>>> print(open('run14.cif').read())   # mmCIF, C-alpha atoms
data_data
loop_
_atom_site.label_atom_id
_atom_site.label_comp_id
_atom_site.auth_asym_id
_atom_site.auth_seq_id
_atom_site.Cartn_x
_atom_site.Cartn_y
_atom_site.Cartn_z
CA MET A 1 106.02 129.47 114.61
CA PRO A 2 107.94 126.45 115.84
CA TYR A 3 107.44 124.55 119.05
CA VAL A 4 109.92 125.09 121.86
CA ILE A 5 111.22 122.86 124.64
CA ALA A 6 111.70 124.77 127.89
CA ALA A 7 113.37 124.25 131.26
CA PRO A 8 111.15 121.42 132.61
CA CYS A 9 112.96 119.06 130.20
CA ILE A 10 116.33 119.65 131.86
CA ASP A 11 117.60 116.41 133.43
CA VAL A 12 114.39 114.64 132.40
CA THR A 13 114.83 114.06 128.63
CA ASP A 14 111.96 111.55 128.46
CA LYS A 15 112.17 111.53 124.62
CA SER A 16 108.53 110.66 124.00
CA CYS A 17 108.48 113.77 121.83
CA ILE A 18 111.22 112.32 119.64
CA GLU A 19 108.97 109.35 118.89
CA GLU A 20 106.14 111.62 117.80
CA CYS A 21 108.01 114.12 115.64
CA PRO A 22 107.26 113.35 111.98
CA VAL A 23 110.23 115.34 110.71
CA ASP A 24 112.81 114.14 113.23
CA CYS A 25 113.66 117.70 114.29
CA ILE A 26 114.10 117.14 118.05
CA TYR A 27 117.80 116.90 118.90
CA GLU A 28 119.37 115.51 122.03
CA GLY A 29 121.83 117.58 124.05
CA ASP A 30 123.30 116.37 127.32
CA ARG A 31 120.74 117.50 129.88
CA LYS A 32 117.94 118.62 127.56
CA LEU A 33 116.28 118.15 124.18
CA TYR A 34 116.04 120.95 121.60
CA ILE A 35 113.67 121.58 118.67
CA ASN A 36 115.27 122.95 115.52
CA PRO A 37 113.07 125.96 114.72
CA LYS A 38 114.02 125.85 111.03
CA GLU A 39 113.01 122.22 110.70
CA CYS A 40 109.90 122.18 112.93
CA ILE A 41 106.70 122.16 110.86
CA ASP A 42 104.51 123.33 113.73
CA CYS A 43 102.35 120.17 113.73
CA GLY A 44 102.10 120.01 117.51
CA ALA A 45 102.40 116.21 117.79
CA CYS A 46 105.11 116.52 120.45
CA GLU A 47 103.29 118.82 122.84
CA PRO A 48 100.74 116.48 124.48
CA VAL A 49 103.14 113.57 124.97
CA CYS A 50 105.68 115.44 127.09
CA PRO A 51 105.29 114.06 130.63
CA VAL A 52 106.62 117.28 132.17
CA GLU A 53 104.77 119.69 129.85
CA ALA A 54 107.99 121.27 128.69
CA ILE A 55 106.78 121.87 125.12
CA SER A 56 104.72 124.74 123.80
CA GLN A 57 104.37 126.90 120.70
CA ASP A 58 106.94 129.68 120.64
CA ARG A 59 104.30 132.38 121.03
CA ARG A 60 102.73 130.61 123.99
CA VAL A 61 105.82 129.90 126.05
CA ALA A 62 105.27 130.81 129.70
CA ALA A 63 106.97 134.11 130.57
CA GLU A 64 109.31 132.43 133.06
CA TYR A 65 110.72 130.26 130.24
CA GLY A 66 110.81 132.99 127.60
CA GLU A 67 114.58 132.78 127.12
CA HIS A 68 114.20 129.19 125.89
CA VAL A 69 112.69 130.39 122.59
CA ALA A 70 116.02 131.92 121.59
CA ASP A 71 117.91 129.14 123.35
CA ASN A 72 116.36 126.35 121.22
CA ALA A 73 117.52 128.27 118.15
CA ALA A 74 120.93 128.97 119.71
CA PHE A 75 121.55 125.22 120.03
CA PHE A 76 121.73 125.16 116.21
CA THR A 77 123.08 128.60 115.34
CA THR A 78 125.93 128.92 117.84
CA THR A 79 129.05 126.80 118.01
CA LEU A 80 128.54 124.41 120.91
CA PRO A 81 131.44 123.41 123.22
CA GLY A 82 133.79 120.92 121.56
CA ARG A 83 132.51 121.58 118.03
CA ASP A 84 134.05 123.51 115.14
CA ALA A 85 130.87 124.95 113.69
CA PRO A 86 127.18 125.41 114.48
CA LEU A 87 124.95 122.36 113.91
CA GLY A 88 122.86 124.33 111.44
CA ASN A 89 119.98 122.35 109.95
CA PRO A 90 121.15 118.73 109.79
CA GLY A 91 117.81 117.54 108.36
CA GLY A 92 117.20 114.85 110.97
CA ALA A 93 118.26 114.04 114.50
CA THR A 94 118.49 110.27 114.06
CA ALA A 95 121.31 110.47 111.56
CA LEU A 96 123.17 113.02 113.67
CA GLY A 97 122.83 111.10 116.96
CA PRO A 98 122.97 112.59 120.46
CA VAL A 99 124.98 115.82 120.48
CA GLY A 100 126.03 115.33 124.11
CA VAL A 101 126.47 119.00 125.00
CA ASP A 102 124.13 121.83 125.87
CA THR A 103 123.76 125.53 125.34
CA GLU A 104 125.32 127.81 127.91
CA LEU A 105 121.91 128.54 129.41
CA VAL A 106 121.08 124.87 129.94
CA ALA A 107 124.55 123.73 130.95
CA GLY A 108 124.59 126.38 133.66
CA SER A 109 121.10 125.59 134.97
CA GLU A 110 120.72 124.31 138.49
CA THR A 111 119.47 120.78 138.87
CA MET B 1 103.18 94.25 86.57
CA SER B 2 103.71 97.64 85.07
CA THR B 3 100.95 99.72 83.59
CA ALA B 4 100.84 103.08 81.88
CA VAL B 5 98.75 106.11 82.66
CA ASP B 6 98.42 108.97 80.16
CA VAL B 7 97.38 112.37 81.51
CA ASP B 8 98.05 116.03 80.85
CA VAL B 9 99.09 116.76 84.43
CA LEU B 10 100.49 114.58 87.17
CA ILE B 11 100.13 115.91 90.70
CA VAL B 12 102.58 114.43 93.18
CA GLY B 13 101.02 114.54 96.64
CA ALA B 14 97.29 114.17 97.35
CA GLY B 15 97.05 116.49 100.33
CA PRO B 16 94.68 119.47 100.37
CA VAL B 17 96.76 121.43 97.86
CA GLY B 18 97.13 118.50 95.46
CA LEU B 19 93.41 117.73 95.64
CA TYR B 20 92.52 121.34 94.88
CA GLY B 21 95.01 121.22 92.01
CA ALA B 22 93.15 118.18 90.64
CA TYR B 23 89.89 120.14 90.71
CA TYR B 24 91.58 123.08 89.04
CA ALA B 25 93.21 120.99 86.34
CA GLY B 26 89.83 119.42 85.60
CA PHE B 27 88.23 122.85 85.46
CA ARG B 28 90.83 123.82 82.87
CA GLY B 29 89.93 120.78 80.79
CA LEU B 30 93.15 118.97 81.58
CA SER B 31 93.21 115.29 82.43
CA VAL B 32 94.91 114.69 85.75
CA ALA B 33 96.32 111.96 87.96
CA LEU B 34 97.29 112.23 91.64
CA ILE B 35 99.95 110.02 93.14
CA ASP B 36 100.58 109.66 96.88
CA SER B 37 102.54 107.20 98.97
CA LEU B 38 99.79 107.08 101.59
CA PRO B 39 96.84 104.77 100.96
CA GLU B 40 94.29 107.56 101.49
CA ALA B 41 93.91 111.07 100.12
CA GLY B 42 94.44 114.06 102.41
CA GLY B 43 98.16 113.95 103.13
CA GLN B 44 99.30 115.33 106.43
CA VAL B 45 95.75 116.31 107.39
CA THR B 46 94.47 112.73 107.12
CA ALA B 47 97.60 111.14 108.56
CA MET B 48 98.16 113.45 111.49
CA TYR B 49 95.14 115.50 112.45
CA PRO B 50 91.90 114.31 110.87
CA GLU B 51 89.94 115.41 113.94
CA LYS B 52 91.56 118.79 114.44
CA LEU B 53 89.48 121.86 113.70
CA ILE B 54 91.04 124.18 111.13
CA PHE B 55 90.04 127.83 111.41
CA ASP B 56 91.94 129.52 108.59
CA VAL B 57 90.52 128.04 105.40
CA ALA B 58 88.65 130.75 103.51
CA GLY B 59 84.89 130.28 103.65
CA PHE B 60 84.92 127.86 106.59
CA PRO B 61 84.74 129.46 110.04
CA ALA B 62 85.83 126.07 111.40
CA ILE B 63 86.21 122.74 109.64
CA LYS B 64 87.53 119.37 110.76
CA GLY B 65 90.52 118.09 108.85
CA ARG B 66 88.70 115.06 107.52
CA GLU B 67 85.71 117.15 106.41
CA LEU B 68 87.98 119.51 104.48
CA VAL B 69 89.57 116.54 102.72
CA ALA B 70 86.16 115.00 101.94
CA GLY B 71 85.04 118.34 100.46
CA LEU B 72 88.15 118.63 98.30
CA VAL B 73 87.74 115.06 97.04
CA ALA B 74 84.09 115.78 96.20
CA GLN B 75 85.03 119.04 94.46
CA ALA B 76 87.60 117.29 92.26
CA ALA B 77 85.36 114.25 91.61
CA ALA B 78 83.40 115.97 88.83
CA PHE B 79 86.51 115.79 86.67
CA GLU B 80 87.32 112.17 87.52
CA PRO B 81 90.96 112.50 88.52
CA ARG B 82 92.90 109.26 88.46
CA TYR B 83 94.11 108.35 91.98
CA LEU B 84 97.34 106.40 92.31
CA LEU B 85 97.39 105.93 96.09
CA GLY B 86 99.80 103.83 98.10
CA ARG B 87 102.37 104.46 95.39
CA GLN B 88 105.47 106.57 95.38
CA ALA B 89 106.66 108.67 92.46
CA VAL B 90 110.23 107.48 92.11
CA ALA B 91 111.81 108.81 88.94
CA LEU B 92 111.29 111.56 86.38
CA GLN B 93 112.40 111.40 82.76
CA GLN B 94 112.08 114.44 80.54
CA GLN B 95 112.11 114.33 76.76
CA PRO B 96 113.28 117.21 74.55
CA ASP B 97 109.74 117.73 73.18
CA GLY B 98 108.41 118.41 76.70
CA ALA B 99 106.85 115.00 77.27
CA MET B 100 107.61 113.50 80.65
CA VAL B 101 107.44 110.08 82.22
CA VAL B 102 107.19 109.61 85.96
CA THR B 103 107.75 106.10 87.21
CA ALA B 104 106.11 104.83 90.40
CA ASP B 105 107.58 102.28 92.79
CA ASP B 106 105.16 99.61 91.53
CA GLY B 107 106.36 100.11 87.96
CA THR B 108 103.45 102.26 86.80
CA ALA B 109 104.61 104.75 84.15
CA ILE B 110 102.74 108.04 84.08
CA ASN B 111 103.07 109.89 80.79
CA CYS B 112 102.32 113.58 81.20
CA ARG B 113 103.03 117.08 79.90
CA ALA B 114 103.41 118.80 83.26
CA VAL B 115 104.13 117.75 86.84
CA ILE B 116 102.97 119.65 89.90
CA ILE B 117 104.70 118.68 93.10
CA SER B 118 102.44 119.31 96.09
CA GLY B 119 104.40 116.99 98.31
CA GLY B 120 104.10 118.92 101.58
CA ILE B 121 106.80 117.69 103.92
CA GLY B 122 107.58 114.69 101.75
CA THR B 123 106.68 111.06 101.67
CA PHE B 124 105.27 109.52 104.83
CA THR B 125 106.65 106.26 106.13
CA PRO B 126 104.99 104.61 109.11
CA ARG B 127 107.26 104.56 112.14
CA PRO B 128 108.18 100.88 112.46
CA LEU B 129 107.25 98.72 115.43
CA PRO B 130 110.57 97.89 117.13
CA ALA B 131 109.58 94.23 117.68
CA GLY B 132 108.08 91.96 115.05
CA GLY B 133 108.99 93.81 111.85
CA GLU B 134 109.37 90.51 109.99
CA TYR B 135 105.61 89.89 110.24
CA VAL B 136 104.65 92.88 108.06
CA ASN B 137 101.49 91.96 106.13
CA ARG B 138 101.48 88.57 107.84
CA GLY B 139 99.41 89.76 110.75
CA LEU B 140 101.34 93.01 111.36
CA PHE B 141 99.83 96.03 109.64
CA TYR B 142 100.65 99.73 109.50
CA PHE B 143 97.40 100.65 107.73
CA VAL B 144 93.86 99.30 107.82
CA PRO B 145 92.34 99.98 104.41
CA SER B 146 89.75 97.22 104.88
CA LEU B 147 88.12 96.47 108.22
CA ALA B 148 86.46 93.23 107.06
CA GLU B 149 89.81 91.46 106.68
CA HIS B 150 90.18 91.57 110.48
CA ALA B 151 86.69 90.32 111.39
CA GLY B 152 86.55 87.66 114.10
CA ARG B 153 90.16 88.18 115.14
CA ASP B 154 91.90 89.09 118.36
CA ILE B 155 93.36 92.48 117.52
CA VAL B 156 96.15 94.34 119.30
CA ILE B 157 96.59 97.99 118.34
CA VAL B 158 99.72 99.88 119.36
CA GLY B 159 99.65 103.66 119.62
CA GLY B 160 97.85 106.56 121.22
CA GLY B 161 96.94 108.83 118.33
CA ASP B 162 93.82 109.33 116.22
CA SER B 163 94.61 106.43 113.89
CA ALA B 164 95.00 103.97 116.77
CA PHE B 165 91.75 105.04 118.38
CA ASP B 166 89.79 105.30 115.11
CA TRP B 167 90.80 101.77 114.20
CA ALA B 168 89.96 100.52 117.71
CA LEU B 169 86.52 102.10 117.45
CA ASN B 170 85.81 100.74 113.98
CA LEU B 171 87.19 97.24 114.53
CA GLU B 172 85.64 96.59 117.94
CA PRO B 173 82.16 95.65 116.61
CA ILE B 174 83.56 92.98 114.26
CA ALA B 175 86.59 91.69 116.20
CA ARG B 176 86.72 88.89 118.74
CA SER B 177 88.68 91.21 120.99
CA VAL B 178 90.50 94.53 120.71
CA THR B 179 93.35 95.56 123.00
CA LEU B 180 94.97 98.98 122.67
CA VAL B 181 98.51 99.23 124.00
CA HIS B 182 100.31 102.54 124.43
CA ARG B 183 103.59 103.39 126.08
CA ARG B 184 102.12 106.32 127.99
CA PRO B 185 98.85 106.82 129.86
CA ALA B 186 98.27 110.08 127.92
CA PHE B 187 96.79 109.95 124.43
CA ARG B 188 97.16 112.33 121.52
CA ALA B 189 93.85 111.15 120.02
CA HIS B 190 90.74 113.31 120.16
CA ALA B 191 89.24 113.13 123.68
CA HIS B 192 85.80 112.21 122.37
CA THR B 193 87.17 109.20 120.46
CA VAL B 194 89.13 108.11 123.53
CA ALA B 195 85.91 108.24 125.59
CA GLN B 196 84.05 106.18 122.96
CA VAL B 197 86.78 103.54 122.96
CA ARG B 198 86.83 103.43 126.77
CA ALA B 199 83.08 102.80 126.74
CA SER B 200 83.47 99.89 124.29
CA ARG B 201 84.71 96.31 124.79
CA THR B 202 88.24 97.45 123.93
CA GLU B 203 90.77 96.96 126.70
CA ILE B 204 93.29 99.81 127.04
CA ILE B 205 96.63 98.86 128.58
CA THR B 206 99.17 101.56 129.59
CA PRO B 207 102.01 102.19 130.07
CA ALA B 208 102.92 99.19 127.99
CA GLN B 209 105.06 98.21 125.04
CA VAL B 210 105.17 95.26 122.67
CA THR B 211 108.35 93.32 123.42
CA ALA B 212 107.93 90.25 121.22
CA VAL B 213 105.76 88.94 118.40
CA ARG B 214 105.36 85.21 117.80
CA GLY B 215 103.71 82.94 115.27
CA VAL B 216 104.62 80.22 112.80
CA ASP B 217 103.61 81.81 109.48
CA ARG B 218 101.59 84.69 110.77
CA VAL B 219 101.26 86.63 114.00
CA GLU B 220 99.66 84.45 116.68
CA GLU B 221 100.50 86.19 119.94
CA VAL B 222 102.34 89.21 121.27
CA ASP B 223 104.18 89.82 124.51
CA ILE B 224 103.70 93.16 126.15
CA SER B 225 105.60 94.62 129.04
CA ILE B 226 103.58 96.64 131.54
CA ASP B 227 105.83 98.44 134.00
CA GLY B 228 108.35 95.61 133.73
CA GLU B 229 105.73 92.85 134.04
CA SER B 230 105.16 90.64 131.04
CA ARG B 231 101.83 89.54 129.64
CA THR B 232 100.99 87.53 126.52
CA LEU B 233 98.01 88.44 124.39
CA PRO B 234 96.51 86.30 121.61
CA ALA B 235 96.59 88.30 118.37
CA GLN B 236 95.93 87.36 114.78
CA THR B 237 96.10 91.03 113.84
CA LEU B 238 98.66 93.46 115.24
CA ILE B 239 98.29 97.06 114.12
CA ALA B 240 101.12 99.52 114.69
CA ALA B 241 99.90 103.13 114.60
CA LEU B 242 103.04 104.85 115.83
CA GLY B 243 102.94 107.88 113.61
CA PHE B 244 104.95 108.78 110.58
CA LEU B 245 108.34 109.97 109.51
CA ALA B 246 108.42 112.28 106.54
CA ASN B 247 111.23 113.05 104.13
CA LEU B 248 111.56 114.19 100.57
CA GLY B 249 112.39 110.68 99.44
CA PRO B 250 113.17 110.14 95.74
CA LEU B 251 112.11 113.71 94.79
CA LYS B 252 115.48 115.01 95.94
CA ASP B 253 117.10 113.10 93.08
CA TRP B 254 114.88 114.50 90.32
CA GLY B 255 117.34 117.27 89.57
CA MET B 256 115.59 120.40 90.76
CA THR B 257 117.14 122.54 93.44
CA VAL B 258 116.17 121.51 96.98
CA VAL B 259 116.91 123.81 99.91
CA ALA B 260 117.13 122.91 103.60
CA HIS B 261 116.51 119.23 102.70
CA ARG B 262 112.86 120.06 102.30
CA HIS B 263 111.86 122.98 100.08
CA ILE B 264 111.80 123.46 96.31
CA PRO B 265 112.37 127.01 95.05
CA VAL B 266 109.83 128.26 92.49
CA ASP B 267 109.34 131.42 90.45
CA THR B 268 106.15 133.50 90.37
CA THR B 269 104.50 130.94 88.05
CA MET B 270 105.30 128.19 90.58
CA LEU B 271 107.76 126.69 88.11
CA THR B 272 110.80 124.96 89.59
CA ASP B 273 114.17 125.05 87.87
CA LEU B 274 113.17 121.96 85.85
CA PRO B 275 111.09 122.68 82.73
CA GLY B 276 107.47 121.59 83.07
CA VAL B 277 107.84 120.79 86.76
CA PHE B 278 105.89 123.05 89.11
CA ALA B 279 105.61 123.02 92.89
CA ALA B 280 102.91 124.33 95.21
CA GLY B 281 101.98 124.20 98.88
CA ASP B 282 104.30 123.61 101.81
CA ILE B 283 107.07 122.17 99.66
CA ALA B 284 107.34 125.26 97.40
CA ASP B 285 109.63 128.05 98.46
CA TYR B 286 110.15 131.72 97.56
CA PRO B 287 110.98 134.87 99.52
CA GLY B 288 108.17 135.73 101.91
CA LYS B 289 106.59 132.27 101.76
CA VAL B 290 103.89 131.55 104.35
CA ARG B 291 103.12 127.87 104.84
CA LEU B 292 99.35 127.65 105.17
CA ILE B 293 96.75 125.50 103.40
CA ALA B 294 95.03 128.71 102.28
CA VAL B 295 98.20 129.94 100.58
CA GLY B 296 98.78 126.55 98.95
CA PHE B 297 95.34 126.65 97.30
CA GLY B 298 96.30 129.88 95.54
CA GLU B 299 99.70 128.56 94.55
CA VAL B 300 98.33 125.39 92.99
CA ALA B 301 95.76 127.38 90.99
CA THR B 302 98.64 129.50 89.70
CA ALA B 303 100.65 126.36 88.89
CA VAL B 304 97.78 124.67 87.03
CA ASN B 305 96.97 127.75 84.95
CA ASN B 306 100.59 128.20 83.97
CA ALA B 307 100.83 124.49 83.19
CA ALA B 308 97.77 124.84 80.95
CA VAL B 309 99.59 127.47 78.87
CA LEU B 310 102.73 125.37 78.80
CA ILE B 311 100.78 122.38 77.47
CA ASP B 312 98.82 124.47 74.97
CA PRO B 313 100.49 127.81 74.21
CA SER B 314 97.27 129.07 72.60
CA ALA B 315 95.40 128.69 75.92
CA HIS B 316 94.80 131.75 78.06
CA LEU B 317 96.55 132.01 81.40
CA PHE B 318 93.40 133.33 83.03
CA PRO B 319 90.87 130.51 83.14
CA GLY B 320 87.69 132.53 83.32
CA HIS B 321 85.43 132.43 86.33
CA SER B 322 84.17 129.09 87.65
CA SER B 323 80.78 130.73 88.16
CA ASP B 324 80.48 131.10 84.37
CA ALA B 325 80.95 127.40 83.77
CA VAL B 326 78.83 124.40 84.54
CA PRO B 327 80.98 121.52 85.75
CA ALA B 328 80.76 118.37 83.64
#
>>> encode(input="run14.cif", output="structure tokens")
Amino acid sequence: MPYVIAAPCIDVTDKSCIEECPVDCIYEGDRKLYINPKECIDCGACEPVCPVEAISQDRRVAAEYGEHVADNAAFFTTTLPGRDAPLGNPGGATALGPVGVDTELVAGSET
Amino acid sequence: MSTAVDVDVLIVGAGPVGLYGAYYAGFRGLSVALIDSLPEAGGQVTAMYPEKLIFDVAGFPAIKGRELVAGLVAQAAAFEPRYLLGRQAVALQQQPDGAMVVTADDGTAINCRAVIISGGIGTFTPRPLPAGGEYVNRGLFYFVPSLAEHAGRDIVIVGGGDSAFDWALNLEPIARSVTLVHRRPAFRAHAHTVAQVRASRTEIITPAQVTAVRGVDRVEEVDISIDGESRTLPAQTLIAALGFLANLGPLKDWGMTVVAHRHIPVDTTMLTDLPGVFAAGDIADYPGKVRLIAVGFGEVATAVNNAAVLIDPSAHLFPGHSSDAVPA
């Protein structure tokens, strides 16, 4: 039951959520941030600090953003552009650093 | 200075599951110590959501995090568990005869016959304040175990969560001044506590960040930036309540298998792949695992009862019913 970052984050990437996450599981793409569903502990600390209310629990994601549940996971399970392998579960975003690319869904989103 | 502690069972992690394990070990007649890197019992519940209502603990239709922890501490108290708080379990040594020694970061050696790891998501480290780190314990604090130490001072608290607001509320009556600084106008703290702080002498400044800390030996003043404008506040105490980062810490080097950087596989007795070392609660892993406090309570009871048989092979696995016994 992880938390999910949806479309309102695109081109905002405020990163307040990154400061709150106790397990460092919020990763930075190019235009959006992504929560690793395998590393999220469902604590909810990130949700209230998002200035654009992009974060919600996966089972409470607004219908219009439903595809972002799978898309947050896809950021880690699919091979992103310019990489040789999926990110998997790196165990912390700080050590990995900004990834700099997005999923197909986010990269193709209109501004 | 190093000291030694001799117990039957050492529980690593004093969250809800560890505390219940301490009760259970006591009920089984085992002496027990609990070690936790945080200065207070309650683990994640105390550190992250003391004011949140929990609805899925058996027997409590709704209970606040801090009340659950207080109840667990009271339940275990009858058996006088030894608390080693503010200390981290660093190393494990196992002897061929089954005796074990766990060493803490302050040099304390805990001699035991079984270890139960109820470490949740790992050891919590306060998120550091970007400016002023060199003043730690010289006016800059990440925890407030004693309010009296800060009496009569100008106090600046940084953060917007429950800890920041609880400390503001509790320090305001004894401080010369309290200023709460947070980088956003929205707060994660419980709305009722925020309202109480707003109604007090405490000044809340947002959106603001601490940019510099100054003082000869100790903190004397801090600079904050409010929307690009700078302001200097007198402060003899600066408290950073910016949340926590958790990781497995030294446990990952103890030799048992760790999966996904975070979980320790166990068998149906809650034993890890190290002899005498059990795991229970969020940190323990097996197929079909569900990470809930309620599940952890059952796991730690299983771990303690199996540890009891390990320590004394003539003991029964089933402990009898607590309703048959009168606690000491």
>>> interface_residues(input="run14.cif", of="chain A", to="chain B", cutoff="12 Å", atoms="all atoms listed in the file", output="ChimeraX atom specification")
/A:1,14-25,38-53,88-94
>>> resolve_selection(input="run14.cif", expression="the PyMOL selection byres ((chain B and resi 208) around 8)", output="list in words")
Val181, His182, Arg183, Arg184, Ile205, Thr206, Pro207, Gln209, Val210, Ile224, Ser225, Ile226 and Asp227 of chain B
>>> resolve_selection(input="run14.cif", expression="the PyMOL selection byres ((chain B and resi 214) around 10)", output="list in words")
Ala131, Gly132, Tyr135, Ala212, Val213, Gly215, Val216, Asp217, Arg218, Val219, Glu220, Glu221, Val222, Asp223, Pro234 and Ala235 of chain B
>>> closest_residue(input="run14.cif", among="A:Val99, A:Phe75, A:Pro81, A:Glu110", to="A:Asp30", atoms="all atoms listed in the file")
A:Val99
>>> residues_around(input="run14.cif", residues="B:Asn305", least_positions_apart="3", cutoff="6 Å", atoms="only C-alpha atoms", output="list in words")
Thr302, Ala308 and Leu317 of chain B
>>> atom_distance(input="run14.cif", atom1="atom CA of B:Val144", atom2="atom CA of B:Ala22")
25.5 Å
>>> resolve_selection(input="run14.cif", expression="the PyMOL selection byres ((chain B and resi 43) around 12)", output="number ranges by chain")
B: 12-19, 34-42, 44-50, 65-66, 68-69, 85-86, 118-125, 244, 246, 281-282, 293
>>> atom_distance(input="run14.cif", atom1="atom CA of B:Ala91", atom2="atom CA of B:Val136")
25.9 Å
>>> residues_around(input="run14.cif", residues="stretch 9-11 of chain A", least_positions_apart="3", cutoff="7 Å", atoms="all atoms listed in the file", output="NGL selection string")
:A and (5-6 or 31-33 or 52 or 54)
>>> atom_distance(input="run14.cif", atom1="atom CA of A:Val61", atom2="atom CA of B:Phe60")
28.6 Å
>>> closest_residue(input="run14.cif", among="B:Asp253, B:Asp6, B:Asp273, B:Asp154", to="B:Ala175", atoms="only C-alpha atoms")
B:Asp154
>>> residues_around(input="run14.cif", residues="B:Pro81", least_positions_apart="2", cutoff="9 Å", atoms="all atoms listed in the file", output="mmCIF file with C-alpha atoms, keeping the file's coordinate frame")
data_model
loop_
_atom_site.group_PDB
_atom_site.id
_atom_site.type_symbol
_atom_site.label_atom_id
_atom_site.label_comp_id
_atom_site.auth_asym_id
_atom_site.auth_seq_id
_atom_site.Cartn_x
_atom_site.Cartn_y
_atom_site.Cartn_z
ATOM 1 C CA ALA B 22 93.150 118.180 90.640
ATOM 2 C CA TYR B 23 89.890 120.140 90.710
ATOM 3 C CA GLY B 26 89.830 119.420 85.600
ATOM 4 C CA SER B 31 93.210 115.290 82.430
ATOM 5 C CA VAL B 32 94.910 114.690 85.750
ATOM 6 C CA ALA B 33 96.320 111.960 87.960
ATOM 7 C CA LEU B 34 97.290 112.230 91.640
ATOM 8 C CA ALA B 76 87.600 117.290 92.260
ATOM 9 C CA ALA B 77 85.360 114.250 91.610
ATOM 10 C CA ALA B 78 83.400 115.970 88.830
ATOM 11 C CA PHE B 79 86.510 115.790 86.670
ATOM 12 C CA TYR B 83 94.110 108.350 91.980
#
>>> residues_around(input="run14.cif", residues="B:Phe143", least_positions_apart="2", cutoff="9 Å", atoms="all atoms listed in the file", output="short mmCIF file (atom, residue, chain, number, x, y, z; two decimals) with C-alpha atoms, in the frame of the given file")
data_model
loop_
_atom_site.label_atom_id
_atom_site.label_comp_id
_atom_site.auth_asym_id
_atom_site.auth_seq_id
_atom_site.Cartn_x
_atom_site.Cartn_y
_atom_site.Cartn_z
CA PRO B 39 96.84 104.77 100.96
CA PRO B 126 104.99 104.61 109.11
CA PHE B 141 99.83 96.03 109.64
CA PRO B 145 92.34 99.98 104.41
CA SER B 146 89.75 97.22 104.88
CA SER B 163 94.61 106.43 113.89
CA ILE B 239 98.29 97.06 114.12
CA ALA B 240 101.12 99.52 114.69
CA ALA B 241 99.90 103.13 114.60
#
>>> residues_around(input="run14.cif", residues="stretch 318-324 of chain B", least_positions_apart="2", cutoff="8 Å", atoms="only C-alpha atoms", output="PyMOL selection string")
chain B and resi 27-28+305+316+326
